[in-house]
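Next up, query.cif (mmCIF, C-alpha atoms):
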data_model
#
loop_
_atom_site.label_atom_id
_atom_site.label_comp_id
_atom_site.auth_asym_id
_atom_site.auth_seq_id
_atom_site.Cartn_x
_atom_site.Cartn_y
_atom_site.Cartn_z
CA MET G 1 38.26 113.37 76.55
CA ASN G 2 41.41 114.84 75.16
CA PRO G 3 42.28 113.52 71.68
CA VAL G 4 45.62 111.95 72.65
CA ARG G 5 44.03 109.91 75.41
CA LYS G 6 41.12 109.02 73.17
CA GLN G 7 43.49 107.68 70.57
CA ARG G 8 45.43 105.71 73.17
CA LEU G 9 42.20 104.26 74.51
CA LEU G 10 41.13 103.23 71.01
CA VAL G 11 44.49 101.58 70.30
CA VAL G 12 44.39 99.70 73.59
CA LEU G 13 40.80 98.59 73.01
CA ALA G 14 41.63 97.46 69.48
CA VAL G 15 44.59 95.43 70.76
CA LEU G 16 42.49 93.85 73.52
CA ILE G 17 39.57 93.02 71.24
CA GLY G 18 41.93 91.61 68.61
CA LEU G 19 43.77 89.47 71.13
CA GLY G 20 40.48 88.43 72.72
CA ILE G 21 39.15 87.23 69.38
CA ALA G 22 42.44 85.47 68.60
CA CYS G 23 42.40 83.68 71.94
CA GLY G 24 38.75 82.79 71.54
CA LEU G 25 39.37 81.28 68.09
CA MET G 26 42.42 79.41 69.33
CA PHE G 27 40.53 78.04 72.29
CA TYR G 28 37.70 77.01 70.00
CA ALA G 29 39.99 75.37 67.46
CA LEU G 30 41.97 73.50 70.10
CA ARG G 31 38.85 72.62 72.04
CA GLN G 32 39.22 68.92 71.41
CA ASN G 33 42.83 68.95 72.57
CA ILE G 34 42.06 71.08 75.60
CA ASN G 35 39.44 68.58 76.71
CA LEU G 36 41.12 66.41 79.28
CA PHE G 37 39.38 63.22 78.19
CA TYR G 38 37.17 61.46 75.63
CA THR G 39 33.59 60.71 76.61
CA PRO G 40 31.97 57.27 76.05
CA GLN G 41 29.81 58.85 73.36
CA GLN G 42 32.90 59.92 71.41
CA ILE G 43 34.39 56.44 71.80
CA ALA G 44 31.18 54.87 70.52
CA ALA G 45 31.22 57.25 67.57
CA GLY G 46 34.77 56.16 66.76
CA GLU G 47 36.35 59.57 67.37
CA ALA G 48 39.08 58.21 69.61
CA PRO G 49 42.15 56.45 68.18
CA LEU G 50 42.79 52.79 69.01
CA ASP G 51 46.06 51.72 70.69
CA ALA G 52 47.11 55.26 71.59
CA GLN G 53 47.72 56.69 75.04
CA MET G 54 44.72 58.79 76.05
CA ARG G 55 42.24 59.61 78.79
CA VAL G 56 38.59 58.71 79.01
CA GLY G 57 36.02 60.06 81.44
CA GLY G 58 32.53 59.13 82.46
CA LEU G 59 30.37 57.67 85.20
CA VAL G 60 30.99 54.22 86.67
CA GLU G 61 27.93 52.23 85.63
CA PRO G 62 26.14 50.94 88.76
CA GLY G 63 26.21 47.15 89.13
CA THR G 64 29.09 46.60 86.72
CA VAL G 65 32.08 46.74 89.08
CA ILE G 66 33.69 43.29 89.18
CA ARG G 67 36.68 42.84 91.47
CA ASN G 68 38.87 39.77 91.33
CA PRO G 69 39.23 38.65 94.98
CA GLU G 70 42.67 37.11 94.31
CA THR G 71 44.32 40.06 92.57
CA LEU G 72 43.89 43.78 92.23
CA ASP G 73 42.16 43.38 88.88
CA VAL G 74 38.94 45.28 88.49
CA THR G 75 36.62 45.84 85.56
CA PHE G 76 33.72 48.24 85.34
CA GLY G 77 31.48 49.79 82.75
CA LEU G 78 31.95 53.45 81.95
CA THR G 79 28.99 55.37 80.60
CA ASP G 80 27.64 58.82 79.91
CA GLY G 81 24.16 57.66 78.95
CA LYS G 82 25.02 57.89 75.24
CA GLY G 83 27.69 55.23 75.00
CA ARG G 84 29.39 52.64 77.16
CA PHE G 85 32.48 50.48 77.24
CA THR G 86 34.38 48.31 79.72
CA VAL G 87 37.42 49.51 81.58
CA HIS G 88 39.99 47.09 82.96
CA TYR G 89 42.41 48.25 85.63
CA GLN G 90 44.97 46.62 87.87
CA GLY G 91 45.89 48.62 90.96
CA ILE G 92 44.51 50.55 93.87
CA LEU G 93 41.50 52.70 93.13
CA PRO G 94 41.12 56.16 94.73
CA ASP G 95 38.94 56.41 97.85
CA LEU G 96 36.19 58.24 96.04
CA PHE G 97 35.79 55.47 93.44
CA ARG G 98 32.28 54.06 93.65
CA GLU G 99 29.34 53.17 91.45
CA GLY G 100 27.80 56.23 89.87
CA GLN G 101 30.96 58.25 90.50
CA GLY G 102 32.61 60.28 87.77
CA ILE G 103 36.13 59.10 86.97
CA VAL G 104 38.93 59.86 84.54
CA ALA G 105 41.10 56.96 83.39
CA ASN G 106 44.45 57.12 81.63
CA GLY G 107 45.41 54.24 79.34
CA THR G 108 44.79 52.79 75.90
CA LEU G 109 41.71 51.80 74.01
CA VAL G 110 42.26 48.25 72.80
CA SER G 111 38.92 47.97 71.04
CA ARG G 112 35.78 50.09 70.71
CA THR G 113 34.39 48.40 73.80
CA ARG G 114 37.44 47.83 76.00
CA PHE G 115 39.84 50.25 77.65
CA GLU G 116 43.01 49.17 79.46
CA ALA G 117 43.62 51.73 82.22
CA GLU G 118 47.00 52.42 83.79
CA GLU G 119 45.69 55.08 86.13
CA VAL G 120 42.22 55.81 87.46
CA LEU G 121 41.39 59.23 88.94
CA ALA G 122 38.18 60.05 90.76
CA LYS G 123 36.47 63.18 89.56
CA HIS G 124 34.93 65.13 92.36
CA ASP G 125 31.76 67.11 91.91
CA GLU G 126 30.92 70.53 93.29
CA THR G 127 28.44 69.31 95.92
CA TYR G 128 29.37 69.60 99.57
CA MET G 129 27.18 68.58 102.49
CA PRO G 130 27.46 67.01 105.92
CA PRO G 131 26.82 63.22 106.13
CA GLU G 132 23.63 63.71 108.16
CA VAL G 133 22.13 65.88 105.45
CA GLN G 134 22.99 63.30 102.80
CA GLU G 135 21.34 60.55 104.91
CA ALA G 136 18.23 62.67 105.34
CA LEU G 137 18.09 63.33 101.61
CA GLU G 138 18.43 59.63 100.88
CA LYS G 139 15.65 58.78 103.34
CA ALA G 140 13.37 61.30 101.72
CA GLY G 141 14.10 59.67 98.38
CA HIS G 142 15.66 62.78 96.92
CA PRO G 143 16.93 61.96 93.45
CA GLY G 144 20.20 63.82 94.05
CA ALA G 145 21.18 61.87 97.13
CA SER G 146 22.25 58.53 95.74
CA LYS G 147 24.02 59.90 92.73
CA ALA G 148 26.53 62.29 94.12
CA ASP G 149 25.72 65.27 91.99
CA PRO G 150 22.36 65.88 90.47
CA LYS G 151 23.14 68.70 88.08
CA GLY G 152 26.90 68.51 87.81
CA GLY G 153 27.03 65.00 86.41
CA GLU G 154 24.51 65.79 83.78
CA LYS G 155 26.34 68.94 82.80
CA GLU G 156 29.78 67.39 82.76
CA TYR G 157 28.97 64.31 80.78
CA THR G 158 26.57 65.73 78.26
CA PRO G 159 28.89 66.48 75.40
CA SER G 160 28.12 69.97 74.30
CA GLY G 161 29.54 71.90 71.44
CA TYR G 162 31.14 69.15 69.40
CA MET I 1 24.82 112.30 90.23
CA VAL I 2 26.52 108.93 90.75
CA TRP I 3 28.81 109.63 87.85
CA GLN I 4 29.78 112.98 89.40
CA THR I 5 30.63 111.28 92.70
CA ILE I 6 32.74 108.64 90.94
CA LYS I 7 34.50 111.35 89.00
CA ARG I 8 35.24 113.34 92.15
CA TRP I 9 36.61 110.23 93.89
CA TYR I 10 38.70 109.41 90.86
CA HIS I 11 40.32 112.83 90.94
CA MET I 12 40.72 112.93 94.71
CA LEU I 13 42.26 109.47 95.01
CA GLY I 14 44.33 110.22 91.93
CA SER I 15 46.29 112.65 94.05
CA PRO I 16 49.11 110.86 95.90
CA ARG I 17 48.89 113.24 98.81
CA TYR I 18 45.15 112.83 99.22
CA PHE I 19 45.52 109.06 98.94
CA TYR I 20 48.10 109.07 101.70
CA THR I 21 45.86 111.02 104.09
CA PHE I 22 42.81 108.96 103.13
CA SER I 23 44.57 105.64 103.69
CA SER I 24 46.01 106.88 106.99
CA ALA I 25 42.47 107.37 108.20
CA LEU I 26 41.17 104.11 106.71
CA LEU I 27 43.86 101.61 107.74
CA PRO I 28 43.44 101.73 111.55
CA TRP I 29 39.83 100.59 110.97
CA LEU I 30 40.24 98.28 108.04
CA THR I 31 43.18 96.27 109.40
CA PRO I 32 41.53 94.94 112.60
CA ILE I 33 38.24 94.31 110.76
CA ALA I 34 40.06 92.34 108.05
CA LEU I 35 41.98 90.26 110.60
CA LEU I 36 38.85 89.59 112.60
CA VAL I 37 36.73 88.54 109.59
CA PHE I 38 39.54 86.35 108.24
CA THR I 39 40.13 84.65 111.60
CA VAL I 40 36.43 84.02 112.18
CA GLY I 41 36.02 82.52 108.70
CA ILE I 42 39.10 80.31 108.85
CA VAL I 43 38.57 79.05 112.41
CA TRP I 44 34.88 78.40 111.79
CA GLY I 45 35.65 76.58 108.56
CA LEU I 46 38.64 74.54 109.71
CA ALA I 47 37.45 73.68 113.22
CA PHE I 48 33.67 73.96 113.50
CA ALA I 49 32.03 73.37 110.11
CA PRO I 50 30.68 69.82 109.64
CA SER I 51 32.70 67.31 107.64
CA ASP I 52 31.69 66.32 104.11
CA TYR I 53 29.64 63.21 103.31
CA GLN I 54 32.12 61.99 100.72
CA GLN I 55 35.49 63.50 101.50
CA GLY I 56 35.37 63.69 105.28
CA ASN I 57 37.74 66.33 106.58
CA SER I 58 39.97 66.73 103.53
CA TYR I 59 37.36 69.02 101.96
CA ARG I 60 38.28 71.68 104.55
CA ILE I 61 41.05 72.87 102.29
CA ILE I 62 38.22 74.63 100.44
CA PHE I 63 38.32 77.31 103.16
CA ILE I 64 41.83 78.24 102.03
CA HIS I 65 41.75 77.20 98.38
CA VAL I 66 38.61 79.03 97.23
CA PRO I 67 39.36 82.36 99.02
CA ALA I 68 42.92 82.30 97.65
CA SER I 69 41.81 81.52 94.09
CA SER I 70 39.04 84.12 94.08
CA GLY I 71 41.42 86.72 95.53
CA ALA I 72 44.03 85.95 92.88
CA LEU I 73 41.46 86.28 90.07
CA MET I 74 39.87 89.48 91.38
CA GLY I 75 43.27 91.00 92.11
CA TYR I 76 44.32 90.36 88.54
CA VAL I 77 41.20 92.05 87.15
CA ALA I 78 41.83 95.05 89.44
CA MET I 79 45.44 95.12 88.23
CA GLY I 80 44.22 95.03 84.63
CA VAL I 81 41.91 98.00 85.24
CA ALA I 82 44.76 99.90 86.94
CA GLY I 83 46.91 99.00 83.93
CA LEU I 84 44.32 100.44 81.53
CA VAL I 85 44.16 103.71 83.49
CA ALA I 86 47.95 103.83 83.68
CA VAL I 87 48.40 103.26 79.95
CA VAL I 88 45.59 105.49 78.64
CA TRP I 89 45.37 108.28 81.23
CA ARG I 90 48.94 108.05 82.52
CA MET I 91 47.66 108.45 86.05
CA LYS I 92 50.40 108.09 88.63
CA MET I 93 48.23 106.54 91.31
CA ALA I 94 47.15 103.82 88.87
CA GLU I 95 50.81 102.94 88.33
CA VAL I 96 51.31 102.80 92.08
CA MET I 97 48.22 100.64 92.53
CA MET I 98 49.29 98.21 89.84
CA LYS I 99 52.58 97.74 91.61
CA ALA I 100 50.86 97.33 94.97
CA ILE I 101 48.35 94.74 93.75
CA ALA I 102 50.77 92.28 92.10
CA PRO I 103 52.72 90.61 94.98
CA PHE I 104 49.79 89.54 97.15
CA GLY I 105 47.93 88.28 94.09
CA ALA I 106 50.91 86.22 93.02
CA ALA I 107 51.14 84.74 96.52
CA LEU I 108 47.43 83.88 96.47
CA ALA I 109 47.76 82.21 93.07
CA ALA I 110 50.65 80.12 94.41
CA ILE I 111 48.63 79.18 97.52
CA SER I 112 45.71 78.20 95.31
CA LEU I 113 47.90 75.90 93.20
CA ALA I 114 49.63 74.36 96.24
CA THR I 115 46.44 73.69 98.22
CA GLY I 116 44.73 72.37 95.09
CA ALA I 117 47.55 69.87 94.57
CA LEU I 118 47.46 68.77 98.22
CA TRP I 119 43.71 68.23 97.99
CA GLY I 120 43.95 66.56 94.59
CA LYS I 121 46.15 63.71 95.81
CA PRO I 122 43.67 62.17 98.29
CA THR I 123 40.57 63.10 96.27
CA TRP I 124 41.46 62.56 92.63
CA GLY I 125 44.49 60.36 93.16
CA THR I 126 46.95 62.79 91.57
CA TYR I 127 48.70 66.04 92.49
CA TRP I 128 48.56 67.50 89.03
CA GLN I 129 46.91 66.99 85.65
CA TRP I 130 47.32 69.29 82.69
CA ASP I 131 43.64 70.08 82.52
CA ALA I 132 42.35 73.47 81.38
CA ARG I 133 41.60 74.87 84.84
CA MET I 134 44.93 73.96 86.40
CA THR I 135 46.99 74.98 83.40
CA SER I 136 45.28 78.37 83.08
CA MET I 137 45.71 78.98 86.81
CA LEU I 138 49.43 78.24 86.45
CA ILE I 139 49.51 80.75 83.57
CA LEU I 140 47.83 83.29 85.89
CA LEU I 141 50.69 82.86 88.36
CA PHE I 142 53.19 83.36 85.52
CA MET I 143 51.33 86.50 84.40
CA TYR I 144 51.59 87.93 87.90
CA VAL I 145 55.29 87.10 88.00
CA GLY I 146 55.68 88.63 84.54
CA VAL I 147 54.03 91.89 85.61
CA ILE I 148 56.23 92.08 88.72
CA ALA I 149 59.34 91.35 86.65
CA LEU I 150 58.49 94.00 84.04
CA GLN I 151 57.99 96.60 86.75
CA ASN I 152 61.41 95.88 88.17
CA VAL I 153 63.43 95.35 85.02
CA ILE I 154 62.73 98.78 83.48
CA ARG I 155 64.44 101.48 85.44
CA ASP I 156 62.14 104.42 84.68
CA PRO I 157 59.05 103.73 86.82
CA ARG I 158 56.68 105.46 84.41
CA GLN I 159 57.87 103.50 81.40
CA ALA I 160 57.88 100.32 83.46
CA ALA I 161 54.26 100.95 84.43
CA ARG I 162 53.20 101.30 80.80
CA ALA I 163 54.84 98.01 79.79
CA ALA I 164 53.50 96.19 82.84
CA GLY I 165 50.08 97.79 82.34
CA LEU I 166 49.82 96.35 78.85
CA LEU I 167 50.72 92.87 80.12
CA ALA I 168 48.25 93.22 82.99
CA MET I 169 45.45 94.16 80.60
CA VAL I 170 46.17 91.36 78.15
CA GLY I 171 46.27 88.85 81.02
CA VAL I 172 42.66 89.60 81.91
CA ILE I 173 41.74 87.39 78.93
CA ASN I 174 43.36 84.52 80.83
CA VAL I 175 41.28 85.29 83.92
CA ILE I 176 38.16 84.71 81.81
CA ILE I 177 39.62 81.38 80.65
CA VAL I 178 40.37 80.35 84.25
CA LYS I 179 36.85 81.18 85.32
CA TYR I 180 34.99 79.45 82.50
CA SER I 181 37.39 76.61 81.64
CA VAL I 182 35.39 74.20 83.78
CA GLU I 183 32.25 75.00 81.81
CA TRP I 184 33.64 75.16 78.29
CA VAL I 185 35.75 72.02 78.17
CA GLN I 186 36.06 68.70 79.96
CA THR I 187 38.32 69.05 82.98
CA LEU I 188 39.23 67.00 86.01
CA HIS I 189 38.53 70.03 88.18
CA GLN I 190 34.90 70.31 89.23
CA GLY I 191 32.64 73.24 88.36
CA SER I 192 32.01 76.19 90.65
CA THR I 193 30.31 75.42 93.93
CA LEU I 194 29.32 79.00 94.65
CA LYS I 195 27.13 80.35 91.91
CA LEU I 196 26.22 83.93 91.26
CA VAL I 197 22.94 82.88 89.69
CA GLY I 198 21.03 79.93 91.02
CA GLU I 199 21.48 77.82 94.10
CA SER I 200 24.95 76.96 95.36
CA THR I 201 25.62 73.25 95.74
CA ILE I 202 27.00 73.56 99.24
CA ASN I 203 25.27 73.13 102.56
CA PRO I 204 24.66 76.44 104.44
CA ALA I 205 26.68 75.16 107.42
CA MET I 206 29.72 75.12 105.10
CA LYS I 207 28.74 78.02 102.87
CA TYR I 208 28.75 80.74 105.52
CA PRO I 209 32.25 80.07 106.89
CA LEU I 210 33.42 79.86 103.27
CA LEU I 211 31.88 83.22 102.37
CA ILE I 212 33.32 84.81 105.52
CA SER I 213 36.83 83.50 104.89
CA MET I 214 36.57 84.74 101.29
CA LEU I 215 35.56 88.19 102.51
CA GLY I 216 38.37 88.11 105.09
CA THR I 217 40.93 87.24 102.44
CA TRP I 218 39.74 90.06 100.17
CA LEU I 219 39.89 92.55 103.04
CA LEU I 220 43.41 91.42 103.96
CA TYR I 221 44.34 91.81 100.30
CA ALA I 222 42.95 95.37 100.37
CA VAL I 223 44.95 96.17 103.52
CA ASN I 224 48.10 94.82 101.89
CA VAL I 225 47.49 96.86 98.73
CA LEU I 226 46.98 100.06 100.74
CA VAL I 227 50.13 99.53 102.81
CA ARG I 228 52.23 98.77 99.72
CA ALA I 229 50.75 101.72 97.82
CA ARG I 230 51.57 104.08 100.71
CA THR I 231 55.21 103.00 100.71
CA GLU I 232 55.39 103.41 96.94
CA VAL I 233 53.70 106.86 97.08
CA VAL I 234 56.15 108.12 99.69
CA TRP I 235 59.07 106.81 97.65
CA ARG I 236 57.87 108.33 94.38
CA GLU I 237 57.01 111.67 95.99
CA ARG I 238 60.16 111.77 98.10
CA ARG I 239 61.20 115.09 96.60
CA SER I 240 57.88 116.79 97.20
CA LYS I 241 57.27 119.20 100.03
CA TRP I 242 54.58 117.23 101.81
CA VAL I 243 56.66 114.07 102.04
CA ARG I 244 59.63 116.02 103.41
CA LYS I 245 57.41 117.57 106.00
CA LEU I 246 55.98 114.16 106.81
CA VAL I 247 59.42 112.63 107.28
CA LYS I 248 60.56 115.50 109.49
CA GLY I 249 57.43 115.18 111.57
CA GLY I 250 58.16 111.50 112.25
CA GLY I 251 55.52 110.14 109.88
CA GLN I 252 52.57 111.88 111.49
#

As structure tokens, how would this structure be written, given the file I've shared?
Amino acid sequence: MNPVRKQRLLVVLAVLIGLGIACGLMFYALRQNINLFYTPQQIAAGEAPLDAQMRVGGLVEPGTVIRNPETLDVTFGLTDGKGRFTVHYQGILPDLFREGQGIVANGTLVSRTRFEAEEVLAKHDETYMPPEVQEALEKAGHPGASKADPKGGEKEYTPSGY
Amino acid sequence: MVWQTIKRWYHMLGSPRYFYTFSSALLPWLTPIALLVFTVGIVWGLAFAPSDYQQGNSYRIIFIHVPASSGALMGYVAMGVAGLVAVVWRMKMAEVMMKAIAPFGAALAAISLATGALWGKPTWGTYWQWDARMTSMLILLFMYVGVIALQNVIRDPRQAARAAGLLAMVGVINVIIVKYSVEWVQTLHQGSTLKLVGESTINPAMKYPLLISMLGTWLLYAVNVLVRARTEVVWRERRSKWVRKLVKGGGQ
């Protein structure tokens, strides 16, 4: 390669590698802020501030959804297998809200075990299949059928790297 | 042997005149194939694929959203490579290619954001959240717009290409963030359904129309890039003999 081009290539590569490392370090340092939500494990460990606006995310614990028949009040347990707390919400839940479903809630943590949500979002997983296939899987007792996503949920709610 | 072939292609396609002849021969074939593949994929996906067990029919936006997003990401990487060649080797065709790749990619990025928002409302309950995937995708759109703006704001096309090439290369870092954001940090956006390694978490009856519409979108993107590059080549080479002859001969 001719020396001028070689030098240009080296300069460009140096700039790219430098910027790449800078971005990587920034991303790593801001990791906690880039995370959209706190997990129940972090809440249990006391990493989340009390009485501040924030988001939490986890799976709706099966058998814990209590709806008040008179009002729109609903409470449910949120868990990731390593911690749990109760979420209270008043309003209309998204269609995909159900037991075992991943959700993200926006609100304030009033105590280590209670979260007052102002907004509840359903988190969708990456599994797509026709209803007949899901029924067949459920009949066959496939572990992935009842809980919407077999691998995704585990991956998403296992806190890794912090 | 392979290296020699690549090298020969590089030099041949590096010549604007050869590129023009080559694309003239390629386009009459590629255009109908691209349209056909795209139509088959989209119609199959939107009209004939089964509905989803959880989302019903709203999941069908995947047949537009995923092809658009993947096209926008791949287009940006291609633009970054063209930028590298333009900056280091000062190859004219790379400058032309960079300019040809940007507009369609920007449009795809915008489509990806718009369809994602429309799907997000019924599924998540919100149009937009500042999570890592969505924010980095928005940055990708801005990078595309930035590259287009840089190309147009500097009058000398060769200087413009060098500035835009640098931005295109740097932006590839963001493409990596878009791709892996759903794995590295907690996001509202789900992980990838189609996996390069391991089994995809999508039923085959939905996977095939998805793959076909992705392929169709990429082919349409390629057609668009070729057409744009041809226009740009003719404009840049307008003073050369072969273009004059071409214009006199009525474009044949």

Dump as an NGL selection string the residues of chain G that approach chain I to within 8 Å, counting only C-alpha atoms.
:G and (5-6 or 8-9 or 12 or 16 or 19-20 or 23 or 31 or 34-37 or 94-96 or 104 or 120-132 or 134 or 152 or 156)

Within 10 Å of Ser112 of chain I, counting all atoms listed in the file, which residues qualify if same-chain residues fewer than 4 places away don't, as a list in words?
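In the requested form, the answer reads Ile61, Ile62, Ile64, His65, Val66, Pro67, Ala68, Ser69, Ser70, Gly71, Ala72, Ala106, Ala107, Leu108, Gly116, Ala117, Met134, Met137, Leu138 and Leu141 of chain I.
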
Check what the PyMOL selection byres ((chain I and resi 27) around 12) selects in the file above and give those residues as a list in words.
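Residues picked by the PyMOL selection byres ((chain I and resi 27) around 12): Phe19, Tyr20, Thr21, Phe22, Ser23, Ser24, Ala25, Leu26, Pro28, Trp29, Leu30, Thr31, Pro32, Ile33, Ala34, Leu35, Leu219, Leu220, Ala222, Val223, Asn224, Val225, Leu226, Val227, Arg228 and Arg230 of chain I.
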
May I ask which of the residues G:Gly46, G:Pro40, G:Gly83, G:Gly100 is the closest one to Val65 of chain G, counting all atoms listed in the file?
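The closest residue to Val65 of chain G is G:Gly100.
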
Run the PyMOL selection byres ((chain I and resi 160) around 12) on the file and write out the hits as an NGL selection string.
:I and (83 or 86-87 or 90 or 92 or 95-96 or 98-99 or 146-159 or 161-168)

Report, in Å with one decimal, the straight-line distance from atom CA of Gln42 of chain G to atom CA of Asp73 of chain G.
25.8 Å

Atom CA of Gly75 of chain I to atom CA of Asn57 of chain I, distance in Å rounded to a single decimal:
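Atom CA of Asn57 of chain I lies at a distance of 29.1 Å from atom CA of Gly75 of chain I.
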
Could you list, as a list in words, every residue within 10 Å of Ala117 of chain G, counting only C-alpha atoms and ignoring same-chain residues fewer than 5 positions away?
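Counting only the stated atoms, we get Gln53, Met54, Arg55, Val56, Thr75, Val87, His88, Tyr89, Gln90, Gly91, Val104, Ala105, Asn106, Gly107, Thr108 and Leu109 of chain G.
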
I'd like to know which of G:Gln7, G:Asp80, G:Gln101, G:Lys139 is closest to Gln41 of chain G, using all atoms listed in the file.
G:Asp80

Provide the atom CA of Lys82 of chain G to atom CA of Leu59 of chain G distance in Å, to one decimal place.
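Straight-line distance from atom CA of Lys82 of chain G to atom CA of Leu59 of chain G works out to 11.3 Å.
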
I need the output of the PyMOL selection byres ((chain G and resi 62) around 12) for this file as a PDB file with C-alpha atoms, in the coordinates of the input; which residues are they?
ATOM      1  CA  LEU G  59      30.370  57.670  85.200  1.00  0.00           C
ATOM      2  CA  VAL G  60      30.990  54.220  86.670  1.00  0.00           C
ATOM      3  CA  GLU G  61      27.930  52.230  85.630  1.00  0.00           C
ATOM      4  CA  GLY G  63      26.210  47.150  89.130  1.00  0.00           C
ATOM      5  CA  THR G  64      29.090  46.600  86.720  1.00  0.00           C
ATOM      6  CA  VAL G  65      32.080  46.740  89.080  1.00  0.00           C
ATOM      7  CA  ILE G  66      33.690  43.290  89.180  1.00  0.00           C
ATOM      8  CA  PHE G  76      33.720  48.240  85.340  1.00  0.00           C
ATOM      9  CA  GLY G  77      31.480  49.790  82.750  1.00  0.00           C
ATOM     10  CA  LEU G  78      31.950  53.450  81.950  1.00  0.00           C
ATOM     11  CA  THR G  79      28.990  55.370  80.600  1.00  0.00           C
ATOM     12  CA  ASP G  80      27.640  58.820  79.910  1.00  0.00           C
ATOM     13  CA  PHE G  97      35.790  55.470  93.440  1.00  0.00           C
ATOM     14  CA  ARG G  98      32.280  54.060  93.650  1.00  0.00           C
ATOM     15  CA  GLU G  99      29.340  53.170  91.450  1.00  0.00           C
ATOM     16  CA  GLY G 100      27.800  56.230  89.870  1.00  0.00           C
ATOM     17  CA  GLN G 101      30.960  58.250  90.500  1.00  0.00           C
ATOM     18  CA  GLY G 102      32.610  60.280  87.770  1.00  0.00           C
ATOM     19  CA  SER G 146      22.250  58.530  95.740  1.00  0.00           C
ATOM     20  CA  LYS G 147      24.020  59.900  92.730  1.00  0.00           C
TER      21      LYS G 147
END

Of the candidates I:Arg17, I:Thr115, I:Tyr127, I:Phe142, which shows the shortest atom-to-atom distance to Val243 of chain I, using all atoms listed in the file?
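Going through I:Arg17, I:Thr115, I:Tyr127, I:Phe142 one by one, the smallest distance to Val243 of chain I is for I:Arg17.
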
Using only C-alpha atoms, the shortest atom-to-atom distance to Met143 of chain I among I:Gly198, I:Phe63, I:Met79, I:Ala229 belongs to I:Met79

Just checking: using only C-alpha atoms, which residue out of I:Ile42, I:Val145, I:Leu215, I:Val2 ends up closest to Pro103 of chain I?
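Once distances to Pro103 of chain I are computed over only C-alpha atoms, the minimum belongs to I:Val145.
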
Please provide the set of residues having any atom within 9 Å of Leu73 of chain I, restricted to all atoms listed in the file, with same-chain residues fewer than 5 positions apart removed, written as a PDB file with C-alpha atoms, keeping the file's coordinate frame.
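What ended up in result-v5.pdb:
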ATOM      1  CA  ALA I  68      42.920  82.300  97.650  1.00  0.00           C
ATOM      2  CA  ALA I  78      41.830  95.050  89.440  1.00  0.00           C
ATOM      3  CA  GLY I 105      47.930  88.280  94.090  1.00  0.00           C
ATOM      4  CA  ALA I 109      47.760  82.210  93.070  1.00  0.00           C
ATOM      5  CA  LEU I 140      47.830  83.290  85.890  1.00  0.00           C
ATOM      6  CA  VAL I 172      42.660  89.600  81.910  1.00  0.00           C
ATOM      7  CA  VAL I 175      41.280  85.290  83.920  1.00  0.00           C
ATOM      8  CA  VAL I 178      40.370  80.350  84.250  1.00  0.00           C
ATOM      9  CA  LYS I 179      36.850  81.180  85.320  1.00  0.00           C
TER      10      LYS I 179
END

Name all residues at most 10 Å from Val110 of chain G (count only C-alpha atoms; drop same-chain ones fewer than 5 positions away) and give them as a PyMOL selection string.
chain G and resi 49-52+115-116

Can I get segment 8-18 of chain I with N, CA and C atoms filled in, as an mmCIF file, in the frame of the given file?
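Result file is out.cif:
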data_model
loop_
_atom_site.group_PDB
_atom_site.id
_atom_site.type_symbol
_atom_site.label_atom_id
_atom_site.label_comp_id
_atom_site.auth_asym_id
_atom_site.auth_seq_id
_atom_site.Cartn_x
_atom_site.Cartn_y
_atom_site.Cartn_z
ATOM 1 N N ARG I 8 34.567 112.596 91.091
ATOM 2 C CA ARG I 8 35.240 113.340 92.150
ATOM 3 C C ARG I 8 36.215 112.425 92.896
ATOM 4 N N TRP I 9 35.750 111.198 93.195
ATOM 5 C CA TRP I 9 36.610 110.230 93.890
ATOM 6 C C TRP I 9 37.846 109.906 93.070
ATOM 7 N N TYR I 10 37.608 109.740 91.773
ATOM 8 C CA TYR I 10 38.700 109.410 90.860
ATOM 9 C C TYR I 10 39.786 110.481 90.942
ATOM 10 N N HIS I 11 39.342 111.746 90.916
ATOM 11 C CA HIS I 11 40.320 112.830 90.940
ATOM 12 C C HIS I 11 40.971 112.974 92.303
ATOM 13 N N MET I 12 40.165 112.788 93.361
ATOM 14 C CA MET I 12 40.720 112.930 94.710
ATOM 15 C C MET I 12 41.745 111.833 94.996
ATOM 16 N N LEU I 13 41.345 110.577 94.710
ATOM 17 C CA LEU I 13 42.260 109.470 95.010
ATOM 18 C C LEU I 13 43.402 109.407 94.005
ATOM 19 N N GLY I 14 43.247 110.142 92.901
ATOM 20 C CA GLY I 14 44.330 110.220 91.930
ATOM 21 C C GLY I 14 45.479 111.066 92.431
ATOM 22 N N SER I 15 45.220 111.832 93.486
ATOM 23 C CA SER I 15 46.290 112.650 94.050
ATOM 24 C C SER I 15 47.025 111.858 95.115
ATOM 25 N N PRO I 16 48.340 111.669 94.941
ATOM 26 C CA PRO I 16 49.110 110.860 95.900
ATOM 27 C C PRO I 16 48.967 111.371 97.342
ATOM 28 N N ARG I 17 48.951 112.672 97.473
ATOM 29 C CA ARG I 17 48.890 113.240 98.810
ATOM 30 C C ARG I 17 47.538 112.941 99.471
ATOM 31 N N TYR I 18 46.475 113.116 98.675
ATOM 32 C CA TYR I 18 45.150 112.830 99.220
ATOM 33 C C TYR I 18 45.031 111.352 99.556
#
